[in-house]
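Chemist: Enclosed is the structure file my_file.cif (mmCIF, C-alpha atoms).
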```
data_data
#
loop_
_atom_site.label_atom_id
_atom_site.label_comp_id
_atom_site.auth_asym_id
_atom_site.auth_seq_id
_atom_site.Cartn_x
_atom_site.Cartn_y
_atom_site.Cartn_z
CA MET A 1 4.22 7.29 5.48
CA ARG A 2 2.18 6.02 8.42
CA TRP A 3 1.54 2.30 8.68
CA GLY A 4 -1.21 1.08 11.01
CA CYS A 5 -0.55 -2.49 12.09
CA LEU A 6 -2.57 -5.45 13.38
CA LEU A 7 -0.35 -8.45 14.20
CA VAL A 8 -1.38 -12.08 14.58
CA PHE A 9 1.64 -14.33 15.08
CA THR A 10 1.86 -17.94 13.95
CA THR A 11 4.50 -20.47 12.98
CA SER A 12 4.76 -22.84 10.05
CA SER A 13 6.93 -25.88 9.39
CA LEU A 14 6.35 -25.78 5.64
CA ALA A 15 9.47 -25.78 3.50
CA LEU A 16 8.06 -25.88 0.01
CA ALA A 17 10.09 -24.87 -3.03
CA ALA A 18 8.81 -21.81 -4.84
CA ASP A 19 8.02 -22.41 -8.52
CA TRP A 20 6.28 -19.19 -9.66
CA PRO A 21 6.35 -17.22 -6.42
CA GLY A 22 5.26 -13.77 -7.49
CA TRP A 23 4.51 -11.29 -10.26
CA ARG A 24 5.99 -12.68 -13.50
CA GLY A 25 7.67 -15.61 -11.83
CA PRO A 26 11.03 -16.21 -10.14
CA THR A 27 12.82 -13.57 -12.25
CA GLY A 28 9.97 -11.03 -12.17
CA MET A 29 10.41 -10.80 -15.94
CA GLY A 30 8.33 -13.68 -17.34
CA ARG A 31 11.21 -16.07 -18.06
CA CYS A 32 11.35 -19.72 -17.06
CA GLU A 33 13.35 -22.87 -17.74
CA GLU A 34 10.37 -25.11 -18.52
CA LYS A 35 10.79 -27.08 -21.75
CA ASN A 36 7.65 -29.25 -21.79
CA LEU A 37 4.85 -26.71 -21.71
CA PRO A 38 1.81 -27.50 -23.87
CA LEU A 39 1.56 -25.95 -27.30
CA THR A 40 -2.22 -26.26 -27.63
CA TRP A 41 -5.15 -26.20 -25.22
CA GLY A 42 -8.88 -25.58 -25.07
CA GLY A 43 -11.23 -25.81 -28.02
CA LYS A 44 -14.37 -27.93 -28.19
CA ASP A 45 -12.59 -30.94 -26.65
CA ASN A 46 -10.86 -28.97 -23.86
CA ASP A 47 -7.55 -30.21 -25.20
CA ASN A 48 -4.81 -30.36 -22.52
CA VAL A 49 -7.04 -28.78 -19.86
CA LEU A 50 -6.21 -30.78 -16.73
CA TRP A 51 -8.71 -28.94 -14.55
CA LYS A 52 -10.64 -25.74 -14.03
CA ALA A 53 -11.88 -24.37 -10.72
CA ALA A 54 -14.34 -21.62 -9.89
CA LEU A 55 -12.92 -18.36 -8.60
CA PRO A 56 -14.27 -16.78 -5.41
CA GLY A 57 -17.61 -15.10 -6.06
CA THR A 58 -18.42 -17.16 -9.16
CA GLU A 59 -20.69 -19.69 -7.50
CA GLU A 60 -22.34 -16.92 -5.46
CA LYS A 61 -22.97 -15.02 -8.72
CA ALA A 62 -21.58 -11.91 -7.06
CA ALA A 63 -20.42 -8.73 -8.80
CA PRO A 64 -16.68 -9.10 -9.43
CA ASP A 65 -13.99 -6.46 -9.20
CA GLN A 66 -11.59 -5.97 -12.15
CA ASN A 67 -9.48 -8.78 -10.59
CA GLN A 68 -6.36 -8.22 -12.70
CA SER A 69 -4.10 -10.08 -10.26
CA SER A 70 -2.34 -13.21 -11.53
CA PRO A 71 -1.96 -16.65 -9.97
CA ILE A 72 1.24 -17.77 -8.26
CA VAL A 73 2.48 -21.28 -7.49
CA VAL A 74 4.55 -22.49 -4.53
CA GLY A 75 5.15 -26.20 -4.14
CA ASP A 76 1.84 -28.01 -4.51
CA ARG A 77 -0.36 -24.93 -4.05
CA VAL A 78 -1.76 -22.21 -6.27
CA PHE A 79 -2.65 -18.89 -4.64
CA ILE A 80 -4.93 -16.22 -6.10
CA THR A 81 -6.65 -13.06 -4.93
CA ALA A 82 -10.12 -11.90 -5.93
CA SER A 83 -12.60 -9.25 -4.78
CA TYR A 84 -16.34 -9.03 -5.26
CA TRP A 85 -19.48 -7.30 -4.02
CA PRO A 86 -22.22 -9.61 -2.75
CA GLY A 87 -25.23 -9.18 -5.01
CA ASP A 88 -25.46 -8.49 -8.71
CA LYS A 89 -23.94 -4.97 -8.93
CA ALA A 90 -20.65 -3.33 -8.04
CA ASP A 91 -21.28 -0.74 -5.33
CA PRO A 92 -18.98 2.29 -5.59
CA LYS A 93 -20.08 3.33 -2.09
CA ALA A 94 -18.74 0.15 -0.48
CA ARG A 95 -15.48 -1.76 -0.53
CA PRO A 96 -15.82 -5.27 -1.99
CA GLU A 97 -14.93 -8.38 -0.06
CA HIS A 98 -11.22 -9.20 -0.40
CA HIS A 99 -10.44 -12.90 -0.79
CA VAL A 100 -7.29 -15.01 -0.84
CA ALA A 101 -7.86 -18.55 -2.12
CA CYS A 102 -5.61 -21.60 -2.31
CA TYR A 103 -5.98 -24.53 -4.72
CA ASP A 104 -4.31 -27.90 -5.00
CA ALA A 105 -1.96 -27.48 -7.97
CA ALA A 106 -2.37 -31.07 -9.21
CA ARG A 107 -6.15 -31.46 -9.01
CA GLY A 108 -7.63 -27.96 -8.72
CA LYS A 109 -9.45 -28.61 -5.45
CA LYS A 110 -10.01 -25.43 -3.48
CA LEU A 111 -8.21 -25.91 -0.17
CA TRP A 112 -9.31 -22.68 1.48
CA ASP A 113 -10.78 -19.23 0.84
CA VAL A 114 -10.07 -16.53 3.43
CA LYS A 115 -11.29 -12.95 3.66
CA VAL A 116 -8.88 -10.09 4.34
CA GLU A 117 -10.39 -7.05 6.02
CA PRO A 118 -10.37 -4.14 3.53
CA GLY A 119 -8.16 -1.14 4.12
CA PRO A 120 -9.16 2.52 4.50
CA TRP A 121 -9.33 3.60 0.84
CA LEU A 122 -12.75 3.73 -0.84
CA LEU A 123 -12.08 4.09 -4.56
CA ALA A 124 -13.89 6.94 -6.30
CA ASP A 125 -13.03 5.42 -9.70
CA LEU A 126 -13.42 1.67 -10.19
CA ARG A 127 -11.45 1.43 -13.46
CA GLY A 128 -8.29 0.36 -11.69
CA GLY A 129 -10.13 -1.84 -9.22
CA TYR A 130 -9.24 -3.27 -5.84
CA THR A 131 -7.35 -6.37 -6.98
CA ALA A 132 -4.59 -5.38 -9.40
CA PRO A 133 -1.54 -6.52 -7.35
CA THR A 134 -0.40 -10.12 -7.73
CA PRO A 135 0.47 -11.99 -4.50
CA ALA A 136 3.96 -13.17 -3.57
CA ALA A 137 4.83 -16.25 -1.52
CA ASP A 138 7.72 -18.02 0.12
CA ALA A 139 7.91 -21.41 1.85
CA GLU A 140 5.95 -20.17 4.87
CA ARG A 141 3.62 -17.32 3.93
CA VAL A 142 1.66 -15.68 1.12
CA TYR A 143 1.70 -11.87 0.97
CA VAL A 144 -1.24 -10.02 -0.59
CA VAL A 145 -1.99 -6.40 -1.45
CA PHE A 146 -5.43 -4.95 -2.17
CA GLY A 147 -6.39 -1.58 -3.63
CA SER A 148 -8.22 -0.50 -0.48
CA SER A 149 -4.65 0.20 0.69
CA VAL A 150 -3.91 -2.87 2.78
CA ILE A 151 -1.16 -5.50 2.77
CA ALA A 152 -1.42 -8.78 4.67
CA ALA A 153 0.39 -12.07 5.22
CA LEU A 154 -1.20 -15.49 5.69
CA ASP A 155 0.38 -18.87 6.23
CA HIS A 156 -0.08 -21.67 3.70
CA PHE A 157 -3.16 -22.89 5.56
CA GLY A 158 -4.92 -19.53 5.31
CA LYS A 159 -4.26 -18.42 8.89
CA PRO A 160 -3.65 -14.64 9.19
CA VAL A 161 -0.13 -13.71 10.28
CA TRP A 162 -0.19 -9.90 10.02
CA ARG A 163 -2.09 -7.08 8.37
CA LYS A 164 -1.09 -3.43 7.77
CA GLU A 165 -2.96 -0.45 6.39
CA ILE A 166 -1.01 1.74 3.99
CA THR A 167 -1.46 5.45 4.61
CA PRO A 168 -1.60 7.95 3.03
CA PHE A 169 -3.18 6.53 -0.11
CA LYS A 170 -2.81 8.98 -3.02
CA PHE A 171 -2.48 6.22 -5.62
CA ASP A 172 -4.13 7.87 -8.64
CA VAL A 173 -6.99 5.51 -9.64
CA ALA A 174 -5.56 2.36 -8.03
CA LEU A 175 -2.82 0.70 -6.03
CA ALA A 176 -1.38 -1.72 -8.58
CA ALA A 177 2.22 -2.54 -7.56
CA SER A 178 2.76 -6.14 -6.49
CA PRO A 179 4.90 -7.08 -3.46
CA VAL A 180 8.49 -8.17 -4.13
CA LEU A 181 10.30 -10.56 -1.77
CA VAL A 182 13.97 -9.83 -1.09
CA ASN A 183 15.69 -11.89 1.60
CA ASP A 184 13.75 -11.26 4.85
CA THR A 185 11.70 -8.34 3.51
CA VAL A 186 8.58 -7.60 1.49
CA ILE A 187 9.17 -4.52 -0.66
CA LEU A 188 6.27 -2.43 -1.97
CA GLN A 189 6.55 0.51 -4.35
CA CYS A 190 4.19 3.22 -3.06
CA ASP A 191 4.62 5.95 -5.66
CA GLU A 192 1.78 8.41 -5.15
CA LEU A 193 0.46 11.88 -5.91
CA ASP A 194 1.34 15.08 -4.03
CA GLN A 195 5.00 14.12 -3.42
CA LYS A 196 3.94 11.30 -1.07
CA SER A 197 5.89 8.55 -2.87
CA SER A 198 8.08 6.03 -1.09
CA LEU A 199 9.60 2.59 -1.34
CA VAL A 200 8.92 0.51 1.77
CA ALA A 201 10.46 -2.74 3.06
CA LEU A 202 8.49 -4.73 5.65
CA ASP A 203 9.72 -7.58 7.80
CA LYS A 204 8.30 -10.81 6.34
CA LYS A 205 7.61 -12.32 9.75
CA THR A 206 5.97 -9.37 11.50
CA GLY A 207 5.07 -6.71 8.94
CA GLY A 208 7.20 -4.16 10.79
CA VAL A 209 8.86 -1.44 8.72
CA LYS A 210 12.55 -2.29 8.20
CA TRP A 211 13.24 0.77 6.05
CA GLU A 212 11.38 3.41 4.09
CA ALA A 213 12.93 5.49 1.31
CA LYS A 214 11.07 8.72 0.54
CA ARG A 215 10.72 9.55 -3.17
CA PRO A 216 9.42 13.16 -3.32
CA LYS A 217 10.69 13.79 -6.86
CA VAL A 218 8.49 11.15 -8.51
CA GLY A 219 4.75 11.04 -9.06
CA PHE A 220 2.32 8.15 -9.08
CA ALA A 221 3.24 4.83 -10.68
CA HIS A 222 1.58 1.43 -10.96
CA SER A 223 4.57 -0.72 -11.91
CA THR A 224 6.24 -3.47 -9.88
CA PRO A 225 10.02 -3.39 -9.28
CA VAL A 226 12.21 -6.18 -10.62
CA LEU A 227 15.10 -7.73 -8.68
CA ALA A 228 18.08 -8.27 -10.99
CA THR A 229 21.73 -9.22 -10.51
CA MET A 230 24.33 -6.88 -12.02
CA GLY A 231 27.74 -8.49 -11.71
CA ASP A 232 27.90 -9.75 -8.14
CA LYS A 233 25.35 -7.32 -6.73
CA GLN A 234 21.57 -7.15 -6.71
CA GLN A 235 19.57 -4.13 -7.80
CA LEU A 236 15.90 -3.32 -7.77
CA LEU A 237 14.92 -1.95 -11.16
CA VAL A 238 12.25 0.63 -10.36
CA ALA A 239 10.12 2.40 -12.98
CA ALA A 240 9.06 5.83 -11.79
CA SER A 241 6.85 8.51 -13.32
CA ASN A 242 9.88 10.40 -14.62
CA ALA A 243 12.77 7.92 -14.46
CA ILE A 244 14.04 4.38 -14.57
CA GLN A 245 16.23 3.69 -11.54
CA GLY A 246 18.54 1.16 -9.99
CA VAL A 247 17.88 0.90 -6.25
CA ASP A 248 19.75 -0.85 -3.45
CA PRO A 249 17.28 -3.50 -2.15
CA ALA A 250 18.87 -3.40 1.30
CA THR A 251 18.27 0.31 1.93
CA GLY A 252 16.16 1.85 -0.84
CA ALA A 253 19.02 4.17 -1.84
CA ILE A 254 19.05 5.16 -5.53
CA LEU A 255 22.20 3.83 -7.23
CA TRP A 256 21.54 5.34 -10.64
CA THR A 257 18.73 7.16 -12.40
CA CYS A 258 17.88 7.93 -16.02
CA GLU A 259 15.19 10.29 -17.26
CA ALA A 260 12.36 8.19 -18.68
CA LYS A 261 8.66 7.59 -18.22
CA GLY A 262 7.67 4.21 -16.86
CA ASP A 263 4.66 4.49 -14.62
CA THR A 264 2.63 1.39 -15.49
CA VAL A 265 4.62 -1.58 -16.81
CA SER A 266 7.50 -3.38 -15.11
CA PRO A 267 11.04 -3.05 -16.48
CA VAL A 268 12.97 -5.96 -17.98
CA PHE A 269 16.70 -6.64 -18.14
CA GLY A 270 18.41 -8.47 -20.99
CA ASN A 271 21.48 -8.23 -23.21
CA GLY A 272 23.03 -5.86 -20.69
CA LEU A 273 20.24 -3.28 -20.95
CA VAL A 274 17.17 -2.27 -18.96
CA TYR A 275 14.04 -1.54 -21.01
CA ILE A 276 11.05 0.53 -19.94
CA ASP A 277 8.10 2.37 -21.43
CA SER A 278 5.08 4.03 -19.86
CA GLY A 279 2.35 1.57 -20.77
CA ARG A 280 0.06 4.53 -21.43
CA GLY A 281 1.62 5.38 -24.76
CA GLY A 282 4.82 7.31 -25.39
CA PRO A 283 8.58 6.76 -25.73
CA ALA A 284 10.50 3.59 -24.88
CA PHE A 285 13.97 3.64 -23.35
CA ALA A 286 16.93 1.25 -23.03
CA VAL A 287 19.57 2.02 -20.40
CA ASP A 288 22.92 0.49 -19.49
CA PRO A 289 22.60 -0.07 -15.70
CA ALA A 290 26.35 -0.03 -15.05
CA GLY A 291 26.58 3.66 -14.10
CA THR A 292 26.07 5.65 -10.92
CA GLY A 293 24.19 8.88 -10.25
CA ASP A 294 22.33 10.57 -13.11
CA VAL A 295 23.20 8.52 -16.22
CA THR A 296 20.78 10.18 -18.64
CA LYS A 297 23.55 11.65 -20.81
CA THR A 298 25.96 8.75 -20.55
CA HIS A 299 24.08 5.44 -20.37
CA LEU A 300 20.84 5.92 -22.35
CA LYS A 301 21.53 3.61 -25.29
CA TRP A 302 18.45 4.09 -27.44
CA LYS A 303 14.97 5.54 -27.46
CA LEU A 304 11.85 4.82 -29.52
CA ASN A 305 9.54 7.78 -29.95
CA GLN A 306 6.28 5.90 -29.58
CA ILE A 307 5.03 2.64 -28.10
CA PRO A 308 1.20 2.70 -28.05
CA GLU A 309 -0.78 1.92 -24.92
CA GLY A 310 -0.46 -1.60 -23.52
CA TYR A 311 -0.71 -2.48 -19.83
CA GLY A 312 1.09 -5.81 -19.99
CA SER A 313 4.85 -5.87 -19.37
CA PRO A 314 7.43 -6.91 -22.02
CA VAL A 315 9.61 -10.00 -22.13
CA VAL A 316 13.10 -10.69 -23.49
CA ALA A 317 14.04 -13.86 -25.39
CA GLY A 318 17.59 -14.08 -26.65
CA GLU A 319 18.49 -10.87 -28.47
CA PHE A 320 14.88 -9.75 -28.89
CA LEU A 321 12.31 -7.97 -26.75
CA TYR A 322 8.59 -8.61 -27.26
CA ARG A 323 6.03 -5.93 -26.44
CA LEU A 324 2.22 -6.17 -26.74
CA HIS A 325 0.20 -3.01 -27.25
CA ASN A 326 -3.05 -1.72 -28.70
CA PRO A 327 -4.66 -2.56 -31.06
CA ASP A 328 -3.70 -6.24 -30.52
CA VAL A 329 -0.17 -5.76 -31.87
CA LEU A 330 3.02 -7.58 -30.92
CA LYS A 331 6.27 -5.75 -31.55
CA CYS A 332 9.61 -7.53 -31.74
CA ILE A 333 12.51 -5.18 -30.97
CA LYS A 334 16.21 -5.88 -31.24
CA MET A 335 17.39 -5.29 -27.70
CA ALA A 336 20.85 -4.01 -28.58
CA THR A 337 19.75 -1.30 -31.01
CA GLY A 338 16.03 -0.58 -30.63
CA GLU A 339 15.35 -1.69 -34.22
CA VAL A 340 11.73 -2.83 -34.67
CA VAL A 341 12.11 -6.22 -36.33
CA PHE A 342 8.38 -6.85 -36.85
CA SER A 343 4.91 -5.69 -35.80
CA GLU A 344 2.27 -8.40 -35.99
CA ARG A 345 -1.48 -8.02 -35.49
CA LEU A 346 -2.84 -10.78 -33.25
CA PRO A 347 -6.64 -10.39 -33.09
CA GLY A 348 -8.17 -10.98 -29.66
CA VAL A 349 -4.91 -11.17 -27.70
CA SER A 350 -4.98 -9.66 -24.19
CA ASN A 351 -2.89 -6.48 -24.03
CA SER A 352 -3.08 -6.55 -20.23
CA SER A 353 -1.70 -10.06 -19.80
CA SER A 354 2.10 -10.16 -19.86
CA PRO A 355 3.87 -12.71 -22.08
CA LEU A 356 6.30 -15.36 -20.91
CA VAL A 357 9.24 -17.13 -22.53
CA ALA A 358 9.89 -20.86 -22.13
CA GLY A 359 12.67 -22.39 -24.22
CA ASP A 360 12.36 -21.19 -27.80
CA ARG A 361 8.70 -20.18 -27.46
CA VAL A 362 6.95 -16.95 -26.56
CA TYR A 363 3.59 -17.50 -24.85
CA LEU A 364 1.00 -14.71 -25.13
CA ALA A 365 -1.27 -16.63 -22.82
CA SER A 366 -4.46 -15.79 -20.98
CA ALA A 367 -7.72 -17.57 -20.16
CA GLY A 368 -9.11 -16.03 -23.35
CA LYS A 369 -7.44 -16.08 -26.76
CA SER A 370 -3.77 -17.03 -26.63
CA TYR A 371 -0.94 -17.26 -29.13
CA VAL A 372 2.28 -19.25 -29.02
CA LEU A 373 5.10 -18.01 -31.24
CA LYS A 374 8.55 -19.27 -32.06
CA ALA A 375 11.11 -16.93 -30.53
CA GLY A 376 13.18 -15.16 -33.13
CA ALA A 377 13.17 -12.47 -35.78
CA SER A 378 10.08 -13.75 -37.64
CA SER A 379 6.49 -13.77 -36.44
CA GLU A 380 6.00 -17.54 -36.73
CA ILE A 381 2.77 -18.50 -34.96
CA LEU A 382 2.92 -22.07 -33.66
CA ALA A 383 -0.57 -22.25 -32.13
CA THR A 384 -3.70 -20.28 -31.34
CA ASN A 385 -5.78 -21.27 -28.30
CA ASP A 386 -8.92 -20.06 -26.54
CA LEU A 387 -10.44 -21.02 -23.18
CA GLY A 388 -13.38 -18.65 -23.55
CA ASP A 389 -12.88 -16.78 -20.28
CA SER A 390 -10.91 -13.72 -21.33
CA GLY A 391 -9.34 -11.75 -18.50
CA PRO A 392 -6.36 -9.48 -17.78
CA ALA A 393 -4.30 -11.85 -15.60
CA SER A 394 -0.86 -13.05 -16.67
CA PRO A 395 0.08 -16.75 -16.74
CA ALA A 396 1.97 -18.71 -14.09
CA VAL A 397 4.15 -21.72 -14.88
CA ALA A 398 5.27 -24.61 -12.66
CA GLY A 399 5.95 -28.29 -13.18
CA SER A 400 5.35 -28.21 -16.97
CA ARG A 401 1.92 -26.70 -16.36
CA ILE A 402 0.45 -23.29 -17.18
CA TYR A 403 -2.05 -21.73 -14.77
CA LEU A 404 -4.43 -19.20 -16.30
CA LYS A 405 -6.90 -17.03 -14.38
CA GLY A 406 -9.95 -15.71 -16.20
CA ARG A 407 -12.98 -13.78 -15.01
CA LYS A 408 -14.75 -16.84 -13.57
CA TRP A 409 -12.33 -19.74 -13.67
CA LEU A 410 -8.80 -20.79 -12.80
CA PHE A 411 -7.42 -23.21 -15.41
CA CYS A 412 -4.49 -25.61 -15.41
CA VAL A 413 -3.21 -26.73 -18.82
CA ALA A 414 -0.48 -29.26 -19.56
CA ALA A 415 0.55 -31.61 -22.31
CA LYS A 416 -1.25 -34.89 -21.62
CA PRO A 417 0.74 -38.13 -21.92
#
```
Please, can you express the file's structure as structure tokens?
Modeler:
Amino acid sequence: MRWGCLLVFTTSSLALAADWPGWRGPTGMGRCEEKNLPLTWGGKDNDNVLWKAALPGTEEKAAPDQNQSSPIVVGDRVFITASYWPGDKADPKARPEHHVACYDAARGKKLWDVKVEPGPWLLADLRGGYTAPTPAADAERVYVVFGSSVIAALDHFGKPVWRKEITPFKFDVALAASPVLVNDTVILQCDELDQKSSLVALDKKTGGVKWEAKRPKVGFAHSTPVLATMGDKQQLLVAASNAIQGVDPATGAILWTCEAKGDTVSPVFGNGLVYIDSGRGGPAFAVDPAGTGDVTKTHLKWKLNQIPEGYGSPVVAGEFLYRLHNPDVLKCIKMATGEVVFSERLPGVSNSSSPLVAGDRVYLASAGKSYVLKAGASSEILATNDLGDSGPASPAVAGSRIYLKGRKWLFCVAAKP
């Protein structure tokens, strides 16, 4: 893989604690320790809505991209990405403007909005869009990926640090994997067509390639790897077009692999097992990650023949896994055995937004219609909420607040005193 690079060096003295620093939070799997999240919000009285702020392009009445990316929170700042075409129509013959915006987490004031120069890929099919990847951030920088095949880093004040174009770009209809931060690297899964796949680790400070692991035996994928600890060692759980894999995050070497199909959703780890399904409809798999080499015949613990299409990723709470899929259905699966405990129809829920677990609650939360359920073996609905701005983004949580990104607005909800 060839990586063109434009470097702009800067320094930062920020040392902010990361609260929800990337795709699906600090675990990458939608789990958090918050115990005081609101149960209800929205409605005619805007119950528990602390603030809402316009997303880039909204006030200009521009033509937005799909903008599936989710908000992240680091310290007192919320970061989002958004793309739009100036004017009233999306133009398939032009790349949209790519924006990174930062908001004050307490009050919703927009602190800055910076453009990132688009990369080389002009999408022939706009279904996947230019803004599927969610940013990642540490105490110094925010790292963003756009579907025009570009990755960039900015400091917390919006100053560019580095920018790299990702080539080649055989990403099916979109580049959707979000960046994952591991120690001093930014790791990006670049699984592509025509045996061009690779896993790449970039230096967080400079954008230089620290290692690249070629993956010629896998096809395109849109999922984001998950960093998990197995015993005293870390593994990247990587969903490929034909396998679920454990990968060494220091080198990209494959530690174990199991035949499976997991090209869209991110894997989750719980109760000693790794779960994956395609997201496009098909079988679901649960694998014991304790083996080495090809573990298909030895460590595949159970398989479900069919999980319908659903682009959001699953979440584990206690002994149960929760999976949203079409048509607006939530499945509860016993993680140890694969037994489907219940299937509940939840009209209007977003099948693209990924759920989160906080305490004994499961939040199926978006800026549109949301449900809060009690975690467990019964489908007990605790609340139904609606902010009226339905979109595909997943929630972010920090400081007893939930941040929800819709099509036009960024919302902050919290239980008011």
Chemist: With all atoms listed in the file as the atoms that count, which of A:Asp328, A:Asp277, A:Glu165, A:Asp360 lies nearest to A:Ala375?
Modeler: A:Asp360
Chemist: Apply the PyMOL selection byres ((chain A and resi 370) around 7) to the displayed file and report the matching residues as a list of chain:residue names.
Modeler: A:Val349, A:Leu364, A:Ala365, A:Ser366, A:Gly368, A:Lys369, A:Tyr371, A:Val372, A:Thr384, A:Asn385, A:Asp386
Chemist: What would the file look like if the residues just selected were written as a PDB file, in the coordinates of the input with C-alpha atoms?
Modeler:
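Okay, result.pdb is ready:
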```pdb
ATOM      1  CA  VAL A 349      -4.910 -11.170 -27.700  1.00  0.00           C
ATOM      2  CA  LEU A 364       1.000 -14.710 -25.130  1.00  0.00           C
ATOM      3  CA  ALA A 365      -1.270 -16.630 -22.820  1.00  0.00           C
ATOM      4  CA  SER A 366      -4.460 -15.790 -20.980  1.00  0.00           C
ATOM      5  CA  GLY A 368      -9.110 -16.030 -23.350  1.00  0.00           C
ATOM      6  CA  LYS A 369      -7.440 -16.080 -26.760  1.00  0.00           C
ATOM      7  CA  TYR A 371      -0.940 -17.260 -29.130  1.00  0.00           C
ATOM      8  CA  VAL A 372       2.280 -19.250 -29.020  1.00  0.00           C
ATOM      9  CA  THR A 384      -3.700 -20.280 -31.340  1.00  0.00           C
ATOM     10  CA  ASN A 385      -5.780 -21.270 -28.300  1.00  0.00           C
ATOM     11  CA  ASP A 386      -8.920 -20.060 -26.540  1.00  0.00           C
TER      12      ASP A 386
END
```
Chemist: Rounded to one decimal, what separation in Å do you get between atom CA of A:Leu126 and atom CA of A:Ser197?
Modeler: 21.8 Å
Chemist: So, counting only C-alpha atoms, which residue among A:Thr224, A:Val274, A:Arg141, A:Ala260 is closest to A:Gly207?
Modeler: A:Arg141
Chemist: Name the residues that the PyMOL selection byres ((chain A and resi 306) around 7) pulls out of this structure, and write them as a list in words.
Modeler: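 With the PyMOL selection byres ((chain A and resi 306) around 7) on this model, the match is Gly281, Gly282, Pro283, Ala284, Leu304, Asn305, Ile307 and Pro308 of chain A.
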Chemist: Give me, as a PDB file with C-alpha atoms, keeping the file's coordinate frame, all polymer residues having an atom no more than 10 Å from A:Asp125, counting only C-alpha atoms and skipping those fewer than 5 positions away in the same chain.
Modeler:
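File produced: part-v6.pdb:
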```pdb
ATOM      1  CA  PRO A  92     -18.980   2.290  -5.590  1.00  0.00           C
ATOM      2  CA  ASP A 172      -4.130   7.870  -8.640  1.00  0.00           C
ATOM      3  CA  VAL A 173      -6.990   5.510  -9.640  1.00  0.00           C
ATOM      4  CA  ALA A 174      -5.560   2.360  -8.030  1.00  0.00           C
TER       5      ALA A 174
END
```
Chemist: Which residues match the PyMOL selection byres ((chain A and resi 390-400) around 8) in the file above, as a count of residues only?
Modeler: 41
Chemist: For the atom pair atom CA of A:Val100 and atom CA of A:Glu192, what is the interatomic distance in Å to one decimal place?
Modeler: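 Atom CA of A:Val100 sits 25.5 Å away from atom CA of A:Glu192.
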Chemist: So, counting only C-alpha atoms, which residue among A:Trp23, A:Trp41, A:Tyr275, A:Phe269 is closest to A:Pro179?
Modeler: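 Under the stated criterion, the closest residue is A:Trp23.
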Chemist: Could you work out how far atom CA of A:Ala286 lies from atom CA of A:Leu255, giving the answer in Å with one decimal?
Modeler: 16.9 Å
